[in-house]
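**Student:** Data file target_11.txt (compact mmCIF, C-alpha atoms) is appended below.
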```txt
# COMPACT_ATOMS: atom_id res chain seq x y z
CA MET A 81 117.18 172.56 159.07
CA GLY A 82 113.47 172.57 159.67
CA PRO A 83 111.43 170.12 161.70
CA SER A 84 110.81 166.54 160.64
CA ALA A 85 107.79 166.08 158.44
CA SER A 86 106.19 163.46 156.28
CA ARG A 87 106.19 163.72 152.50
CA SER A 88 104.90 161.42 149.80
CA TYR A 89 107.11 161.06 146.77
CA MET A 90 107.02 159.01 143.62
CA CYS A 91 110.03 156.88 142.78
CA CYS A 92 110.87 154.49 139.98
CA ALA A 93 111.62 151.15 141.63
CA VAL A 94 111.42 148.79 138.68
CA ARG A 95 112.20 149.44 135.03
CA ASP A 96 110.27 147.72 132.28
CA LYS A 97 112.75 145.14 130.97
CA ASP A 98 110.35 143.43 128.58
CA GLY A 99 111.27 145.34 125.46
CA GLY A 100 109.03 148.31 126.19
CA GLU A 101 105.74 146.42 126.26
CA SER A 102 103.06 147.68 128.57
CA TYR A 103 102.44 146.18 131.99
CA GLY A 104 99.64 143.68 132.24
CA LEU A 105 97.70 142.33 135.16
CA GLY A 106 99.89 140.74 137.80
CA LYS A 107 103.05 142.60 136.74
CA ILE A 108 104.95 144.89 139.08
CA PRO A 109 104.15 148.55 138.32
CA GLN A 110 106.98 150.89 137.37
CA PHE A 111 106.11 153.45 140.05
CA SER A 112 105.40 152.95 143.73
CA CYS A 113 104.31 155.46 146.35
CA ILE A 114 106.25 155.60 149.62
CA ASP A 115 105.52 157.74 152.66
CA ALA A 116 108.84 158.88 154.09
CA GLU A 117 110.14 161.08 156.87
CA ALA A 118 113.06 163.48 156.59
CA PRO A 119 114.22 166.71 158.24
CA LEU A 120 113.06 169.20 155.64
CA LEU A 121 114.97 172.28 154.55
CA GLU A 122 113.29 175.57 155.25
CA GLU A 123 112.24 177.28 152.01
CA ALA A 124 113.40 174.34 149.87
CA CYS A 125 112.93 175.15 146.18
CA PHE A 126 115.00 172.57 144.25
CA LEU A 127 114.51 168.81 143.96
CA SER A 128 116.16 166.00 141.97
CA TYR A 129 115.88 162.20 142.09
CA SER A 130 118.06 159.45 140.62
CA PRO A 131 118.22 156.86 139.20
CA LEU A 132 115.07 157.26 137.13
CA TYR A 133 115.78 153.86 135.57
CA GLN A 134 116.74 151.17 138.08
CA GLN A 135 118.76 148.86 135.83
CA GLU A 136 120.85 147.46 138.66
CA ALA A 137 119.43 146.71 142.09
CA SER A 138 122.80 147.50 143.68
CA LYS A 139 122.72 151.17 142.64
CA PRO A 140 121.64 153.44 145.52
CA ARG A 141 118.62 155.69 145.12
CA ARG A 142 119.08 159.28 146.22
CA LEU A 143 116.99 162.42 146.60
CA ALA A 144 118.61 165.87 146.42
CA VAL A 145 116.81 168.79 148.07
CA ALA A 146 118.11 172.35 148.18
CA SER A 147 117.22 175.83 149.34
CA ALA A 148 119.09 178.95 148.28
CA LYS A 149 121.71 178.38 150.99
CA GLU A 150 121.86 174.62 151.61
CA VAL A 151 121.96 171.33 149.68
CA CYS A 152 121.07 167.98 151.24
CA ILE A 153 121.46 164.52 149.67
CA TYR A 154 119.28 161.75 151.10
CA ARG A 155 119.72 158.05 150.53
CA LEU A 156 116.46 156.18 150.04
CA PRO A 157 115.74 152.76 151.54
CA GLU A 158 116.34 149.75 149.31
CA PRO A 159 113.20 148.54 147.48
CA MET A 160 113.11 145.27 149.41
CA ASP A 161 113.10 147.22 152.67
CA ASP A 162 110.01 149.25 151.79
CA VAL A 163 107.18 147.71 153.77
CA PRO A 164 103.81 149.32 152.94
CA SER A 165 102.62 149.12 156.54
CA THR A 166 105.58 151.03 157.94
CA ARG A 167 106.97 154.53 157.41
CA SER A 168 110.33 154.72 155.63
CA LYS A 169 113.08 157.15 156.57
CA LEU A 170 115.39 159.07 154.30
CA THR A 171 119.02 159.03 155.46
CA LEU A 172 120.99 162.26 155.13
CA SER A 173 124.36 161.37 153.56
CA HIS A 174 125.81 164.62 152.14
CA ARG A 175 125.32 168.28 152.92
CA LEU A 176 126.53 171.63 151.59
CA ARG A 177 126.02 174.93 153.40
CA LEU A 178 126.85 178.22 151.72
CA GLU A 179 128.18 181.48 153.08
CA GLU A 180 126.30 184.72 152.54
CA ASP A 181 128.08 185.52 149.26
CA ARG A 182 126.72 182.49 147.32
CA ARG A 183 123.33 180.96 146.56
CA VAL A 184 122.04 177.85 144.78
CA SER A 185 120.25 178.53 141.49
CA ALA A 186 119.74 175.01 140.04
CA LEU A 187 120.19 171.35 140.99
CA LEU A 188 120.29 168.05 139.06
CA PHE A 189 121.70 164.54 139.27
CA CYS A 190 124.01 164.16 136.27
CA ASP A 191 122.73 160.75 135.09
CA GLU A 192 119.29 159.17 134.73
CA ASP A 193 120.60 155.70 135.65
CA SER A 194 122.97 156.65 138.47
CA SER A 195 122.99 158.96 141.48
CA ARG A 196 126.79 159.04 141.77
CA HIS A 197 127.17 162.72 140.79
CA VAL A 198 125.03 165.78 141.43
CA ALA A 199 125.39 169.13 139.63
CA VAL A 200 124.75 172.30 141.63
CA ALA A 201 124.61 175.76 140.02
CA PHE A 202 125.82 178.73 142.07
CA SER A 203 125.48 182.48 141.70
CA PRO A 204 126.67 185.44 143.78
CA ALA A 205 124.37 186.61 146.55
CA GLY A 206 124.05 189.50 148.96
CA LYS A 207 126.74 192.15 148.80
CA ALA A 208 128.80 189.96 146.46
CA ALA A 209 126.02 190.04 143.84
CA ALA A 210 125.77 193.81 143.99
CA ALA A 211 129.54 194.18 143.59
CA THR A 212 129.96 191.52 140.88
CA PRO A 213 130.04 192.72 137.26
CA ARG A 214 128.66 190.46 134.52
CA ARG A 215 131.45 187.97 133.85
CA SER A 216 131.63 184.24 133.21
CA THR A 217 133.41 183.36 136.46
CA ALA A 218 130.54 184.61 138.60
CA HIS A 219 128.00 181.90 137.66
CA ILE A 220 129.23 178.31 137.76
CA VAL A 221 128.16 174.69 138.14
CA LYS A 222 130.08 172.29 140.35
CA ILE A 223 129.89 168.50 140.17
CA PHE A 224 129.96 166.66 143.51
CA SER A 225 130.45 162.93 144.01
CA CYS A 226 127.88 161.20 146.21
CA ASP A 227 129.99 158.03 146.47
CA ALA A 228 132.23 159.45 149.18
CA THR A 229 130.96 158.45 152.61
CA GLY A 230 131.82 159.42 156.14
CA PRO A 231 133.41 157.20 158.77
CA MET A 232 131.80 153.78 159.17
CA PRO A 233 129.43 153.28 162.10
CA GLY A 234 130.42 151.17 165.07
CA SER A 235 130.58 147.39 164.94
CA THR A 236 127.13 147.11 166.47
CA GLY A 237 125.67 148.74 163.37
CA GLU A 238 123.38 150.91 165.47
CA ALA A 239 125.09 154.24 164.79
CA PRO A 240 124.22 155.94 161.48
CA TRP A 241 126.75 156.78 158.80
CA ALA A 242 128.41 160.14 159.37
CA VAL A 243 127.22 162.94 157.09
CA VAL A 244 129.76 164.16 154.50
CA ASP A 245 129.97 167.95 154.59
CA TRP A 246 130.93 169.55 151.27
CA THR A 247 132.11 173.14 150.98
CA PHE A 248 131.99 175.54 148.06
CA GLU A 249 135.79 175.57 147.86
CA GLN A 250 136.39 171.83 148.43
CA GLY A 251 134.73 168.53 147.61
CA CYS A 252 133.72 168.97 143.98
CA ASP A 253 135.01 166.74 141.17
CA SER A 254 134.67 169.22 138.31
CA THR A 255 133.60 172.77 137.50
CA LEU A 256 131.53 174.32 134.70
CA ASP A 257 132.49 177.92 134.00
CA GLY A 258 131.02 179.85 131.06
CA HIS A 259 127.75 181.61 131.89
CA ALA A 260 127.39 185.37 132.29
CA ASP A 261 124.00 185.25 134.03
CA VAL A 262 122.25 183.21 136.71
CA ILE A 263 122.01 179.52 135.69
CA VAL A 264 118.39 178.46 136.15
CA LYS A 265 118.04 175.18 134.22
CA LEU A 266 120.09 171.96 134.01
CA ALA A 267 119.42 168.86 131.91
CA ALA A 268 121.49 165.80 131.06
CA ASN A 269 121.67 162.65 128.98
CA ARG A 270 124.33 159.93 128.96
CA THR A 271 126.88 162.09 127.13
CA TYR A 272 126.16 165.76 127.75
CA LEU A 273 125.19 168.15 130.52
CA VAL A 274 123.18 171.13 129.25
CA SER A 275 122.75 174.39 131.16
CA ALA A 276 120.69 177.53 130.56
CA ASP A 277 120.74 180.94 132.23
CA LEU A 278 118.35 183.85 132.66
CA SER A 279 119.59 185.62 129.52
CA GLY A 280 118.66 182.63 127.34
CA GLN A 281 122.19 181.34 126.81
CA VAL A 282 122.38 177.54 126.52
CA CYS A 283 125.65 175.60 126.86
CA ALA A 284 126.36 171.93 126.09
CA TRP A 285 129.15 170.26 128.06
CA GLN A 286 130.96 166.98 127.40
CA LYS A 287 130.58 164.84 130.50
CA GLY A 288 133.22 162.12 130.02
CA GLN A 289 135.13 161.25 133.15
CA TRP A 290 134.91 163.67 136.04
CA GLN A 291 138.36 164.97 136.93
CA LYS A 292 139.07 166.89 140.10
CA SER A 293 139.82 170.60 139.69
CA LYS A 294 139.38 170.46 135.89
CA PRO A 295 136.58 172.30 134.08
CA LEU A 296 134.16 170.45 131.84
CA GLN A 297 134.73 170.77 128.11
CA ARG A 298 132.17 173.12 126.58
CA LYS A 299 131.10 171.80 123.18
CA ALA A 300 128.81 174.64 122.11
CA SER A 301 126.97 177.74 123.29
CA VAL A 302 124.00 179.59 121.79
CA LEU A 303 121.63 182.41 122.72
CA SER A 304 118.41 180.45 122.35
CA HIS A 305 115.73 183.00 123.29
CA ALA A 306 116.21 186.72 123.73
CA GLY A 307 113.57 186.91 126.44
CA GLY A 308 114.99 184.05 128.50
CA ILE A 309 114.11 180.38 128.93
CA ALA A 310 111.05 179.03 130.70
CA ASP A 311 112.14 175.39 130.57
CA LEU A 312 114.79 173.03 129.18
CA SER A 313 114.79 169.31 128.41
CA VAL A 314 117.04 166.89 126.51
CA ASP A 315 116.90 163.41 125.01
CA ARG A 316 119.64 161.35 123.38
CA SER A 317 120.12 163.63 120.36
CA PHE A 318 118.32 166.93 120.93
CA ALA A 319 117.76 169.75 123.40
CA TYR A 320 114.35 171.39 123.72
CA THR A 321 113.82 174.94 124.96
CA VAL A 322 110.71 176.99 125.70
CA SER A 323 110.98 180.77 125.52
CA ARG A 324 109.54 182.92 128.25
CA GLU A 325 108.48 185.86 126.07
CA GLU A 326 108.49 184.67 122.46
CA ASN A 327 105.87 181.89 122.83
CA ARG A 328 108.10 179.50 120.93
CA VAL A 329 109.56 176.00 121.33
CA CYS A 330 112.95 175.36 119.71
CA ILE A 331 114.76 172.08 119.04
CA TRP A 332 118.56 171.98 118.96
CA THR A 333 121.03 169.26 117.95
CA LEU A 334 123.45 167.94 120.55
CA PRO A 335 126.21 168.80 121.06
CA GLU A 336 126.39 171.46 118.30
CA LEU A 337 123.27 173.32 119.50
CA THR A 338 122.23 173.94 115.91
CA GLN A 339 118.57 174.87 115.64
CA VAL A 340 116.61 172.37 113.56
CA LEU A 341 113.06 173.48 114.35
CA SER A 342 111.26 176.49 115.80
CA LEU A 343 107.58 176.15 116.61
CA PRO A 344 105.26 179.02 117.55
CA ILE A 345 102.97 178.08 120.41
CA ASP A 346 100.09 179.73 122.20
CA LEU A 347 100.92 179.80 125.90
CA THR A 348 99.35 181.90 128.60
CA ASP A 349 101.42 183.34 131.41
CA ASP A 350 99.68 180.99 133.83
CA LEU A 351 101.21 177.97 132.10
CA LEU A 352 104.72 179.37 132.48
CA ASN A 353 104.37 180.26 136.15
CA GLY A 354 106.67 178.13 138.27
CA LEU A 355 108.80 176.76 135.43
CA THR A 356 111.64 179.09 136.39
CA PRO A 357 111.74 179.49 140.19
CA PRO A 358 111.86 183.17 141.13
CA LEU A 359 115.18 183.94 142.79
CA PRO A 360 115.14 186.25 145.81
CA PRO A 361 116.71 189.67 145.24
CA PRO A 362 120.41 189.84 146.22
CA GLN A 363 119.79 192.06 149.22
CA ALA A 364 117.30 189.53 150.66
CA LEU A 365 120.09 186.97 151.05
CA VAL A 366 122.37 189.13 153.18
CA LEU A 367 122.62 187.36 156.52
CA ALA A 368 122.37 189.34 159.68
```
Take the structure in the file and write it out as structure tokens.

**Tutor:**
Amino acid sequence: MGPSASRSYMCCAVRDKDGGESYGLGKIPQFSCIDAEAPLLEEACFLSYSPLYQQEASKPRRLAVASAKEVCIYRLPEPMDDVPSTRSKLTLSHRLRLEEDRRVSALLFCDEDSSRHVAVAFSPAGKAAAATPRRSTAHIVKIFSCDATGPMPGSTGEAPWAVVDWTFEQGCDSTLDGHADVIVKLAANRTYLVSADLSGQVCAWQKGQWQKSKPLQRKASVLSHAGGIADLSVDRSFAYTVSREENRVCIWTLPELTQVLSLPIDLTDDLLNGLTPPLPPPQALVLA
């Protein structure tokens, strides 16, 4: 873990519940800016926030931050506790640390309106990556529950909640197994979790109820772009992909992943930079 530092982040505190009409003068804005402190991960490269839509005030807000070797889940202060004149603190609630043979390749909360589950994609690293042939069991996504908490603090309420430590082998609620290359993009709606890897393969998975030690049901799989995917997004009915080499946006039905539209676009390389985080070479992740 790196030293404590201050970061500004944007979070959705209030959802527009007036039938979609725009905010007028005197109404509470949908977004608020909070200055918060947290022990930052060194070389953090993945970030996810949930819930994007705060339909129930009782639902906790969480921020997931990950580097190639560690995942941290922070619980945000309740909206009524955010005082503009003071500095808020993010509370570390869950943590996952990987051995030298695994690395994180993608991260996402599974629902827009709940932070109960987080999906983490893993790939082989170090010597394991060099010795691993291309097969579907090498690149997986695991679903972890953020509801589990550590032992309660003392009766005085001064001690913080204990951090829950996940492991790669234990702690997950479900597993996604079906990619033959590094999974670099995750997206989700209320019904499906969609994943994409470096080769351009896209998979749609039925979410349903998470069941421990049982894989998710894969509804469809398609090779979307031969040159790989630059980005992936979904809405209620469709998945949207951007190719890295073909300069093309494609629209796919969910969950069948049937292409309904393919649009040529004029994109420069500068616009695609950063959409797919560059993964360090396998030998760079071998720990001394």

**Student:** Please determine, counting only C-alpha atoms, which residue among A:Leu303, A:Leu343, A:Leu266, A:Leu296 has the shortest atom-to-atom distance to Ser279 (chain A).

**Tutor:** A:Leu303

**Student:** Please list as a PyMOL selection string every residue within 10 Å of Pro335 (chain A), counting only C-alpha atoms and excluding residues in the same chain fewer than 2 positions away.

**Tutor:** chain A and resi 271-274+283-286+298-301+317-319+332-333+337-338

**Student:** Keeping only C-alpha atoms, write those residues as a short mmCIF file (atom, residue, chain, number, x, y, z; two decimals), in the coordinates of the input.

**Tutor:**
```cif
data_model
loop_
_atom_site.label_atom_id
_atom_site.label_comp_id
_atom_site.auth_asym_id
_atom_site.auth_seq_id
_atom_site.Cartn_x
_atom_site.Cartn_y
_atom_site.Cartn_z
CA THR A 271 126.88 162.09 127.13
CA TYR A 272 126.16 165.76 127.75
CA LEU A 273 125.19 168.15 130.52
CA VAL A 274 123.18 171.13 129.25
CA CYS A 283 125.65 175.60 126.86
CA ALA A 284 126.36 171.93 126.09
CA TRP A 285 129.15 170.26 128.06
CA GLN A 286 130.96 166.98 127.40
CA ARG A 298 132.17 173.12 126.58
CA LYS A 299 131.10 171.80 123.18
CA ALA A 300 128.81 174.64 122.11
CA SER A 301 126.97 177.74 123.29
CA SER A 317 120.12 163.63 120.36
CA PHE A 318 118.32 166.93 120.93
CA ALA A 319 117.76 169.75 123.40
CA TRP A 332 118.56 171.98 118.96
CA THR A 333 121.03 169.26 117.95
CA LEU A 337 123.27 173.32 119.50
CA THR A 338 122.23 173.94 115.91
#
```

**Student:** Report, in Å with one decimal, the straight-line distance from CA of Leu156 (chain A) to CA of Asp227 (chain A).

**Tutor:**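 Computing it gives 14.1 Å between the two atoms.
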
**Student:** Choose the residue, out of A:Cys190, A:Ala199, A:Ile220, A:Val244, that has the smallest atom-to-atom separation from Tyr154 (chain A); count only C-alpha atoms.

**Tutor:**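 Closest to Tyr154 (chain A), using only C-alpha atoms: A:Val244.
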
**Student:** Near Ser128 (chain A), within 7 Å and counting all atoms listed in the file, which residues show up once chain neighbours fewer than 4 positions away are dropped, as a list in words?

**Tutor:**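 The residues that qualify are Leu143, Ala144, Val145, Leu187, Leu188 and Phe189 of chain A.
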
**Student:** Using all atoms listed in the file, which of the listed residues (A:Lys222, A:Leu127, A:Glu325, A:Cys252) sits closest to Ser275 (chain A)?

**Tutor:**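 Looking at the shortest contact to Ser275 (chain A), the residue is A:Lys222.
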
**Student:** Name the closest residue to Glu336 (chain A) among the candidates A:Val262, A:Ser323, A:Val282, A:Val221; distances are taken between atoms, counting only C-alpha atoms.

**Tutor:**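 Checking each candidate against Glu336 (chain A), we get A:Val282 as the closest.
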
**Student:** Would you work out the distance separating CA of Ala260 (chain A) from CA of Gly308 (chain A), expressed in Å to one decimal?

**Tutor:**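 Between these atoms lies a distance of 13.0 Å.
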
**Student:** Hey, can you check how far CA of Phe224 (chain A) sits from CA of Phe202 (chain A)?

**Tutor:** 12.8 Å

**Student:** Quick one: of A:Val184, A:Val200, A:Val243, A:Leu312, who's nearest to Thr171 (chain A), counting all atoms listed in the file?

**Tutor:**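 Between A:Val184, A:Val200, A:Val243, A:Leu312, the residue approaching Thr171 (chain A) most closely is A:Val243.
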
**Student:** If we draw a sphere of 9 Å around (122.6, 177.5, 149.9), which residues have at least one atom in it when counting only C-alpha atoms? Please report them as an MDAnalysis selection string.

**Tutor:** chainID A and resid 146:151 176:180 182:185 202

**Student:** What does the file look like for those residues with C-alpha atoms, as a PDB file, in the frame of the given file?

**Tutor:**
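Ended up saving to selection_5.pdb:
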```pdb
ATOM      1  CA  ALA A 146     118.110 172.350 148.180  1.00  0.00           C
ATOM      2  CA  SER A 147     117.220 175.830 149.340  1.00  0.00           C
ATOM      3  CA  ALA A 148     119.090 178.950 148.280  1.00  0.00           C
ATOM      4  CA  LYS A 149     121.710 178.380 150.990  1.00  0.00           C
ATOM      5  CA  GLU A 150     121.860 174.620 151.610  1.00  0.00           C
ATOM      6  CA  VAL A 151     121.960 171.330 149.680  1.00  0.00           C
ATOM      7  CA  LEU A 176     126.530 171.630 151.590  1.00  0.00           C
ATOM      8  CA  ARG A 177     126.020 174.930 153.400  1.00  0.00           C
ATOM      9  CA  LEU A 178     126.850 178.220 151.720  1.00  0.00           C
ATOM     10  CA  GLU A 179     128.180 181.480 153.080  1.00  0.00           C
ATOM     11  CA  GLU A 180     126.300 184.720 152.540  1.00  0.00           C
ATOM     12  CA  ARG A 182     126.720 182.490 147.320  1.00  0.00           C
ATOM     13  CA  ARG A 183     123.330 180.960 146.560  1.00  0.00           C
ATOM     14  CA  VAL A 184     122.040 177.850 144.780  1.00  0.00           C
ATOM     15  CA  SER A 185     120.250 178.530 141.490  1.00  0.00           C
ATOM     16  CA  PHE A 202     125.820 178.730 142.070  1.00  0.00           C
TER      17      PHE A 202
END
```

**Student:** Select all residues near (114.8, 159.5, 139.8) (cut-off 8 Å, inclusive, file coordinates), counting only C-alpha atoms, and output them as a ChimeraX atom specification.

**Tutor:** /A:91-92,128-133,141-143,192

**Student:** Please, can region 323-348 of chain A be completed to N, CA and C atoms and returned as a tab-separated table (two decimals), in the frame of the given file?

**Tutor:**
```tsv
chain	number	residue	atom	x	y	z
A	323	SER	N	110.69	179.36	125.24
A	323	SER	CA	110.98	180.77	125.52
A	323	SER	C	109.98	181.32	126.52
A	324	ARG	N	110.42	182.31	127.26
A	324	ARG	CA	109.54	182.92	128.25
A	324	ARG	C	108.69	184.03	127.64
A	325	GLU	N	109.20	184.71	126.62
A	325	GLU	CA	108.48	185.86	126.07
A	325	GLU	C	108.07	185.67	124.62
A	326	GLU	N	108.74	184.78	123.89
A	326	GLU	CA	108.49	184.67	122.46
A	326	GLU	C	107.38	183.68	122.10
A	327	ASN	N	106.87	182.93	123.10
A	327	ASN	CA	105.87	181.89	122.83
A	327	ASN	C	106.34	180.96	121.71
A	328	ARG	N	107.49	180.33	121.96
A	328	ARG	CA	108.10	179.50	120.93
A	328	ARG	C	108.87	178.34	121.58
A	329	VAL	N	108.77	177.17	120.95
A	329	VAL	CA	109.56	176.00	121.33
A	329	VAL	C	110.61	175.76	120.25
A	330	CYS	N	111.87	175.60	120.66
A	330	CYS	CA	112.95	175.36	119.71
A	330	CYS	C	113.62	174.02	120.01
A	331	ILE	N	114.06	173.36	118.94
A	331	ILE	CA	114.76	172.08	119.04
A	331	ILE	C	116.17	172.27	118.50
A	332	TRP	N	117.16	171.77	119.27
A	332	TRP	CA	118.56	171.98	118.96
A	332	TRP	C	119.28	170.64	118.93
A	333	THR	N	120.23	170.49	117.99
A	333	THR	CA	121.03	169.26	117.95
A	333	THR	C	122.03	169.27	119.10
A	334	LEU	N	122.40	168.08	119.55
A	334	LEU	CA	123.45	167.94	120.55
A	334	LEU	C	124.63	167.19	119.94
A	335	PRO	N	125.88	167.69	120.16
A	335	PRO	CA	126.21	168.80	121.06
A	335	PRO	C	126.36	170.15	120.36
A	336	GLU	N	126.09	170.23	119.05
A	336	GLU	CA	126.39	171.46	118.30
A	336	GLU	C	125.47	172.62	118.67
A	337	LEU	N	124.28	172.31	119.21
A	337	LEU	CA	123.27	173.32	119.50
A	337	LEU	C	122.90	174.10	118.25
A	338	THR	N	122.73	173.36	117.15
A	338	THR	CA	122.23	173.94	115.91
A	338	THR	C	120.72	173.81	115.88
A	339	GLN	N	120.03	174.90	115.63
A	339	GLN	CA	118.57	174.87	115.64
A	339	GLN	C	118.05	174.12	114.41
A	340	VAL	N	117.19	173.15	114.66
A	340	VAL	CA	116.61	172.37	113.56
A	340	VAL	C	115.12	172.64	113.41
A	341	LEU	N	114.49	173.22	114.43
A	341	LEU	CA	113.06	173.48	114.35
A	341	LEU	C	112.69	174.57	115.35
A	342	SER	N	111.79	175.45	114.93
A	342	SER	CA	111.26	176.49	115.80
A	342	SER	C	109.75	176.54	115.62
A	343	LEU	N	109.03	176.27	116.69
A	343	LEU	CA	107.58	176.15	116.61
A	343	LEU	C	106.89	177.24	117.41
A	344	PRO	N	106.05	178.06	116.78
A	344	PRO	CA	105.26	179.02	117.55
A	344	PRO	C	104.18	178.30	118.34
A	345	ILE	N	103.97	178.71	119.55
A	345	ILE	CA	102.97	178.08	120.41
A	345	ILE	C	102.15	179.17	121.09
A	346	ASP	N	100.99	178.79	121.54
A	346	ASP	CA	100.09	179.73	122.20
A	346	ASP	C	100.04	179.36	123.68
A	347	LEU	N	100.84	180.06	124.47
A	347	LEU	CA	100.92	179.80	125.90
A	347	LEU	C	100.49	181.04	126.68
A	348	THR	N	99.71	180.81	127.70
A	348	THR	CA	99.35	181.90	128.60
A	348	THR	C	100.40	182.01	129.69
```
